[in-house]
Amino acid sequence: MREHSSATTRTAEPLPSRYTGPAWGLLGILAFSFTVPLTKIAVADDGFTALFVAAGRAVVAGLLAGGALAFTGQRCPQGRQWIRLGVVAGGVVAGFPLLTSFALTEASAGHSAVVIALLPAATAVLAVLRGHERPPRAFWLTAAAGAVAALIFAGFRGGGFGGPHWSDLLLLGAVVAAACGYAEGGLLARELGAWQTISWALVLSAPVMVVLTGISVAQQPPAGSAAQWGAFAYLGVVSMYLGFLPWYRGLAIGPMTQVSQVQLAQPVFTLCWAALILNEELTWATALGAAAVIGCAASAVRTRLRRPLVPDAPRGERRAGIPRAESTEQPQTARTPIR
């Protein structure tokens with residue numbers, strides 16, 4: 001029994017390695033980094049309304065999610081999980097897409113990246129409040145430095161704030177909404193699975209999104225160009241669905257505070273794509289700013305939690321930041337959904 005227990009502990013330690021969660025998270029962030037420039041394309045020249053882009057892409061993703069859930073025969077969430085899925089849906093299915101779509105009718109892609117650069121810090125705070133993680137002081141120092149570096153980098157590339165505007169309030173609201181959806185979704189992914197969490201959130205919000213899409217079509221029938229339809233397709237299939245699969249997997253592996261900091265790379269990616277897609281100028285300052293931002297993100301990811309989530313958790317689980325649900329007493333229940 002003693003040997004069996006020791007073997008179980010050894011399997012808990014590499015689940016995951018210290019960089020497994022951030023690696024999955026970075027893959028999701030790479031997918032999300034196209035969202036702002038492609039949303040800007042979709043709402044340009046009155047081809048699509050902001051409401052159609054935000055709600056319609058959720059409908060597209062909801063169809064994919066419903067088909068995946070039905071095909072694989074997933075069991076329905078239980079009890080309070082539906083309420084928590086409502087938080088995820090309100091944050092990442094409705095809140096962030098709606099607020100950013102309306103903001104991008106006025107703000108530039110670069111300017112939007114300035115505000116969205118605050119998302120890693122906001123997600124880390126929500127992860128501490130909801131996930132009860134306790135990162136050390138070194139983490140908060142590197143996270144704060146990363147947020148400042150990302151704001152400076154995006155500000156120089158995007159032209160800065162240029163004075164407060166109503167679109168800034170919308171973008172700040174989008175940051176808060178996304179942070180709530182990320183933190184709650186990361187916790188739910190440990191129970192339901194990564195792709196199942198976003199799938200159920202999309203299905204839960206589908207009736208409202210269908211109604212909003214219908215209203216937007218009735219007000220102004222979509223008449224976008226081929227490029228705008230292509231941007232809309234990416235937003236629906238990747239930004240709204242496929243990108244969340246590696247992102248929530250990374251958050252579920254965790255620790256969420258560290259994984260959230262890979263979002264510091266998003267403004268770097270976003271402004272590079274904006275330069276390539278929207279023909280914005282690239283300068284040597286971009287490379288220096290990108291190096292500073294990514295360096296801060298790497299430093300934050302390398303920090304370890306100061307103390308375990310659960311005081312009596314085994315040593316291997318304390319190092320990995322794995323919650324009590326993934327203890328050696330319940331190895332299969334906790335590990336299977338994340339996989």
# chains A, B, ... in the order shown; residues from 1 in each chain; ligands from 1
call {"tool": "residues_around", "arguments": {"residues": "Lys40 (chain A)", "least_positions_apart": "6", "cutoff": "10 Å", "atoms": "only C-alpha atoms", "output": "list in words"}}
result
Ala50, Thr100, Ser101, Phe102, Ala103, Leu104, Thr105, Glu106, Ala107, Ser108, Ala109, Gln228, Ala231, Ala274 and Leu278 of chain A
call {"tool": "write_last_selection", "arguments": {"atoms": "C-alpha atoms", "output": "compact mmCIF listing (two decimals), in the first residue's frame"}}
result
# COMPACT_ATOMS: atom_id res chain seq x y z
CA ALA A 50 -21.53 45.54 -34.05
CA THR A 100 -15.44 45.14 -27.79
CA SER A 101 -17.53 45.09 -30.98
CA PHE A 102 -19.27 48.34 -30.07
CA ALA A 103 -15.99 49.90 -28.86
CA LEU A 104 -14.24 49.03 -32.13
CA THR A 105 -16.79 51.00 -34.14
CA GLU A 106 -14.92 54.06 -32.79
CA ALA A 107 -11.58 52.90 -31.34
CA SER A 108 -8.67 51.59 -33.39
CA ALA A 109 -7.32 48.08 -33.01
CA GLN A 228 -15.59 40.73 -43.75
CA ALA A 231 -13.27 37.70 -40.53
CA ALA A 274 -2.85 44.74 -36.99
CA LEU A 278 -4.49 46.68 -41.29
call {"tool": "select_by_dssp", "arguments": {"residues": "region 48-85 of chain A", "states": "alpha helix (DSSP H)", "output": "compact mmCIF listing (two decimals) with N, CA, C and O atoms, in the first residue's frame"}}
result
# COMPACT_ATOMS: atom_id res chain seq x y z
N ALA A 50 -22.25 46.11 -35.19
CA ALA A 50 -21.53 45.54 -34.05
C ALA A 50 -22.35 44.46 -33.36
O ALA A 50 -21.81 43.44 -32.91
N LEU A 51 -23.68 44.64 -33.31
CA LEU A 51 -24.54 43.65 -32.68
C LEU A 51 -24.52 42.34 -33.45
O LEU A 51 -24.48 41.25 -32.87
N PHE A 52 -24.53 42.42 -34.78
CA PHE A 52 -24.51 41.20 -35.59
C PHE A 52 -23.20 40.46 -35.41
O PHE A 52 -23.18 39.22 -35.29
N VAL A 53 -22.08 41.17 -35.38
CA VAL A 53 -20.78 40.53 -35.22
C VAL A 53 -20.68 39.84 -33.87
O VAL A 53 -20.23 38.69 -33.77
N ALA A 54 -21.10 40.54 -32.81
CA ALA A 54 -20.97 39.98 -31.46
C ALA A 54 -21.93 38.82 -31.22
O ALA A 54 -21.52 37.78 -30.69
N ALA A 55 -23.19 38.99 -31.59
CA ALA A 55 -24.17 37.94 -31.33
C ALA A 55 -24.10 36.83 -32.37
O ALA A 55 -24.22 35.64 -32.03
N GLY A 56 -23.88 37.20 -33.63
CA GLY A 56 -23.84 36.19 -34.69
C GLY A 56 -22.72 35.20 -34.53
O GLY A 56 -22.88 34.01 -34.78
N ARG A 57 -21.56 35.69 -34.09
CA ARG A 57 -20.45 34.75 -33.92
C ARG A 57 -20.71 33.78 -32.79
O ARG A 57 -20.25 32.63 -32.82
N ALA A 58 -21.48 34.20 -31.78
CA ALA A 58 -21.85 33.28 -30.70
C ALA A 58 -22.83 32.23 -31.20
O ALA A 58 -22.81 31.08 -30.74
N VAL A 59 -23.69 32.60 -32.14
CA VAL A 59 -24.62 31.63 -32.72
C VAL A 59 -23.86 30.57 -33.52
O VAL A 59 -24.12 29.38 -33.42
N VAL A 60 -22.88 31.03 -34.33
CA VAL A 60 -22.06 30.09 -35.09
C VAL A 60 -21.34 29.13 -34.15
O VAL A 60 -21.35 27.90 -34.34
N ALA A 61 -20.71 29.68 -33.11
CA ALA A 61 -20.00 28.84 -32.16
C ALA A 61 -20.95 27.93 -31.39
O ALA A 61 -20.61 26.78 -31.09
N GLY A 62 -22.16 28.43 -31.09
CA GLY A 62 -23.14 27.61 -30.38
C GLY A 62 -23.57 26.40 -31.19
O GLY A 62 -23.80 25.32 -30.62
N LEU A 63 -23.69 26.56 -32.50
CA LEU A 63 -24.04 25.42 -33.35
C LEU A 63 -22.94 24.36 -33.30
O LEU A 63 -23.21 23.16 -33.21
N LEU A 64 -21.69 24.81 -33.38
CA LEU A 64 -20.57 23.86 -33.28
C LEU A 64 -20.54 23.18 -31.92
O LEU A 64 -20.34 21.96 -31.81
N ALA A 65 -20.75 23.97 -30.87
CA ALA A 65 -20.70 23.42 -29.52
C ALA A 65 -21.82 22.42 -29.28
O ALA A 65 -21.60 21.34 -28.72
N GLY A 66 -23.05 22.78 -29.70
CA GLY A 66 -24.18 21.86 -29.52
C GLY A 66 -23.96 20.56 -30.27
O GLY A 66 -24.28 19.47 -29.75
N GLY A 67 -23.42 20.65 -31.49
CA GLY A 67 -23.15 19.43 -32.25
C GLY A 67 -22.10 18.57 -31.57
O GLY A 67 -22.23 17.34 -31.52
N ALA A 68 -21.05 19.19 -31.03
CA ALA A 68 -20.00 18.43 -30.36
C ALA A 68 -20.52 17.75 -29.10
O ALA A 68 -20.20 16.59 -28.83
N LEU A 69 -21.33 18.46 -28.33
CA LEU A 69 -21.89 17.87 -27.11
C LEU A 69 -22.82 16.71 -27.43
O LEU A 69 -22.80 15.67 -26.76
N ALA A 70 -23.66 16.88 -28.45
CA ALA A 70 -24.60 15.82 -28.82
C ALA A 70 -23.86 14.61 -29.39
O ALA A 70 -24.19 13.46 -29.08
N PHE A 71 -22.86 14.85 -30.22
CA PHE A 71 -22.13 13.75 -30.87
C PHE A 71 -21.38 12.90 -29.85
O PHE A 71 -21.28 11.68 -30.00
N THR A 72 -20.81 13.55 -28.83
CA THR A 72 -20.03 12.83 -27.83
C THR A 72 -20.86 12.37 -26.64
O THR A 72 -20.34 11.69 -25.76
N ARG A 80 -25.53 23.92 -9.20
CA ARG A 80 -24.90 25.23 -9.25
C ARG A 80 -23.96 25.39 -10.44
O ARG A 80 -23.55 26.51 -10.75
N GLN A 81 -23.61 24.30 -11.09
CA GLN A 81 -22.76 24.41 -12.26
C GLN A 81 -23.43 25.24 -13.35
O GLN A 81 -22.74 25.93 -14.12
N TRP A 82 -24.74 25.18 -13.43
CA TRP A 82 -25.46 26.00 -14.42
C TRP A 82 -25.31 27.48 -14.11
O TRP A 82 -25.16 28.31 -15.03
N ILE A 83 -25.37 27.84 -12.82
CA ILE A 83 -25.19 29.24 -12.44
C ILE A 83 -23.78 29.70 -12.80
O ILE A 83 -23.57 30.80 -13.33
N ARG A 84 -22.81 28.87 -12.52
CA ARG A 84 -21.42 29.21 -12.85
C ARG A 84 -21.21 29.28 -14.35
O ARG A 84 -20.44 30.12 -14.83
N LEU A 85 -21.89 28.42 -15.09
CA LEU A 85 -21.82 28.52 -16.55
C LEU A 85 -22.44 29.82 -17.03
O LEU A 85 -22.02 30.38 -18.04
call {"tool": "closest_residue", "arguments": {"among": "A:Val210, A:Leu99, A:Gln261, A:Ile198", "to": "Asp168 (chain A)", "atoms": "only C-alpha atoms"}}
result
A:Leu99
call {"tool": "closest_residue", "arguments": {"among": "A:Leu38, A:Ala174, A:Leu27, A:Val203", "to": "Gly91 (chain A)", "atoms": "only C-alpha atoms"}}
result
A:Ala174
call {"tool": "closest_residue", "arguments": {"among": "A:Ala183, A:Ala189, A:Leu126, A:Leu98", "to": "Leu170 (chain A)", "atoms": "only C-alpha atoms"}}
result
A:Leu98
call {"tool": "closest_residue", "arguments": {"among": "A:Leu30, A:Met240, A:Ala206, A:Cys180", "to": "Val268 (chain A)", "atoms": "only C-alpha atoms"}}
result
A:Leu30
call {"tool": "atom_distance", "arguments": {"atom1": "CA of Val36 (chain A)", "atom2": "CA of Ala179 (chain A)"}}
result
16.6 Å
call {"tool": "residues_around", "arguments": {"residues": "Thr20 (chain A)", "least_positions_apart": "5", "cutoff": "9 Å", "atoms": "only C-alpha atoms", "output": "number ranges by chain"}}
result
A: 15, 25, 250, 253-254
call {"tool": "residues_around", "arguments": {"residues": "Ala122 (chain A)", "least_positions_apart": "6", "cutoff": "12 Å", "atoms": "only C-alpha atoms", "output": "PyMOL selection string"}}
result
chain A and resi 115-116+128-129+140+143-144+147+172-183+256-257+260-261+263-264
call {"tool": "write_last_selection", "arguments": {"atoms": "C-alpha atoms", "output": "PDB file, in the first residue's frame"}}
result
ATOM      1  CA  VAL A 115      -6.910  48.696 -22.560  1.00  0.00           C
ATOM      2  CA  ILE A 116      -7.091  44.946 -23.137  1.00  0.00           C
ATOM      3  CA  VAL A 128      -6.947  34.708  -6.336  1.00  0.00           C
ATOM      4  CA  LEU A 129     -10.484  35.613  -5.246  1.00  0.00           C
ATOM      5  CA  TRP A 140       2.650  40.395  -8.214  1.00  0.00           C
ATOM      6  CA  ALA A 143       2.608  40.861 -13.114  1.00  0.00           C
ATOM      7  CA  ALA A 144       2.453  44.597 -12.372  1.00  0.00           C
ATOM      8  CA  ALA A 147       0.887  45.204 -17.189  1.00  0.00           C
ATOM      9  CA  LEU A 172     -12.701  48.323 -19.491  1.00  0.00           C
ATOM     10  CA  GLY A 173     -16.055  46.613 -19.056  1.00  0.00           C
ATOM     11  CA  ALA A 174     -14.929  43.990 -21.567  1.00  0.00           C
ATOM     12  CA  VAL A 175     -11.765  43.387 -19.513  1.00  0.00           C
ATOM     13  CA  VAL A 176     -13.770  42.823 -16.325  1.00  0.00           C
ATOM     14  CA  ALA A 177     -16.264  40.567 -18.125  1.00  0.00           C
ATOM     15  CA  ALA A 178     -13.530  38.452 -19.698  1.00  0.00           C
ATOM     16  CA  ALA A 179     -11.601  38.153 -16.422  1.00  0.00           C
ATOM     17  CA  CYS A 180     -14.714  36.846 -14.654  1.00  0.00           C
ATOM     18  CA  GLY A 181     -15.412  34.399 -17.459  1.00  0.00           C
ATOM     19  CA  TYR A 182     -11.813  33.187 -17.556  1.00  0.00           C
ATOM     20  CA  ALA A 183     -11.502  32.634 -13.803  1.00  0.00           C
ATOM     21  CA  MET A 256      -4.501  30.214 -13.000  1.00  0.00           C
ATOM     22  CA  THR A 257      -2.515  33.173 -11.694  1.00  0.00           C
ATOM     23  CA  SER A 260      -3.211  34.252 -16.887  1.00  0.00           C
ATOM     24  CA  GLN A 261       0.078  36.091 -17.436  1.00  0.00           C
ATOM     25  CA  GLN A 263      -2.078  37.028 -21.922  1.00  0.00           C
ATOM     26  CA  LEU A 264       0.659  39.666 -21.770  1.00  0.00           C
TER      27      LEU A 264
END
